[in-house]
Amino acid sequence: MAAMRLALFEPDIAQNAGTMMRLAACLGLAVDLIEPCGFIVGDAKFRRSAMDYLDRLDLARHRSWTAFEAERRARANPGRLVLLTTRAEERYIDARFAPGDTLMVGRESAGVPDAVHAAADLRVRIPMQPGLRSINVALAAAMVIGEALRQTHLFAEGSA
């Protein structure tokens, strides 16, 4: 069975990226970091939010969207690319997730470009109150990852 992954598209904020990587390490997801980032990977803010969990993380860094997509498609079982976006019609709670899915979040400042949006196999959104723009990207990732792991029975067994 393929493992679920989390892809961070050109993240802007070190603390959010570190938090999502810590979450992924704790829940057993591999992470694809699609560069360029708006910070230096390994800087103090990034390391402080990720703490020592980076040592336990399956992390793949990609120099660009094109490189990520080529490497993803070259995998034996690439799975679907599932984009978390406020522009989606389908609510994440109505979506059906699969074990090999790669859940992708966009940049805090701009989301993802139209070409990346169009490349996603599935686009999901978090229902929100009218008039509000978005939820913090790390919190959004946590919500959707939780539902995806619940549906696929991929929650790691452990002491928690």
# chains A, B, ... in the order shown; residues from 1 in each chain; ligands from 1
call {"tool": "residues_around", "arguments": {"residues": "region 36-50 of chain A", "least_positions_apart": "4", "cutoff": "10 Å", "atoms": "only C-alpha atoms", "output": "NGL selection string"}}
result
:A and (8-23 or 25 or 54-55 or 61-65 or 107-108)
call {"tool": "closest_residue", "arguments": {"among": "A:Val82, A:Ala138, A:Leu59, A:Ile34", "to": "Leu122 (chain A)", "atoms": "only C-alpha atoms"}}
result
A:Val82
call {"tool": "atom_distance", "arguments": {"atom1": "CA of Arg150 (chain A)", "atom2": "CA of Glu69 (chain A)"}}
result
26.5 Å
call {"tool": "select_by_dssp", "arguments": {"residues": "chain A", "states": "strand (DSSP E or B)", "output": "PyMOL selection string"}}
result
chain A and resi 5-9+30-34+59-62+81-84+90-91+102-105+107+111+122-125
call {"tool": "select_by_dssp", "arguments": {"residues": "chain A", "states": "helix (DSSP H, G or I)", "output": "VMD selection string"}}
result
chain A and resid 14 to 27 44 to 56 65 to 74 114 to 119 137 to 152
call {"tool": "closest_residue", "arguments": {"among": "A:Pro130, A:Gly79, A:Gly111, A:Gly146", "to": "Pro99 (chain A)", "atoms": "only C-alpha atoms"}}
result
A:Gly79
call {"tool": "closest_residue", "arguments": {"among": "A:Ala148, A:Val124, A:Ala30, A:Met51", "to": "Glu89 (chain A)", "atoms": "only C-alpha atoms"}}
result
A:Val124
call {"tool": "closest_residue", "arguments": {"among": "A:Leu83, A:Ala24, A:Ala98, A:Ala140", "to": "His153 (chain A)", "atoms": "only C-alpha atoms"}}
result
A:Ala98
call {"tool": "atom_distance", "arguments": {"atom1": "CA of Thr86 (chain A)", "atom2": "CA of Gly100 (chain A)"}}
result
22.8 Å
call {"tool": "atom_distance", "arguments": {"atom1": "CA of Glu90 (chain A)", "atom2": "CA of Arg123 (chain A)"}}
result
6.8 Å
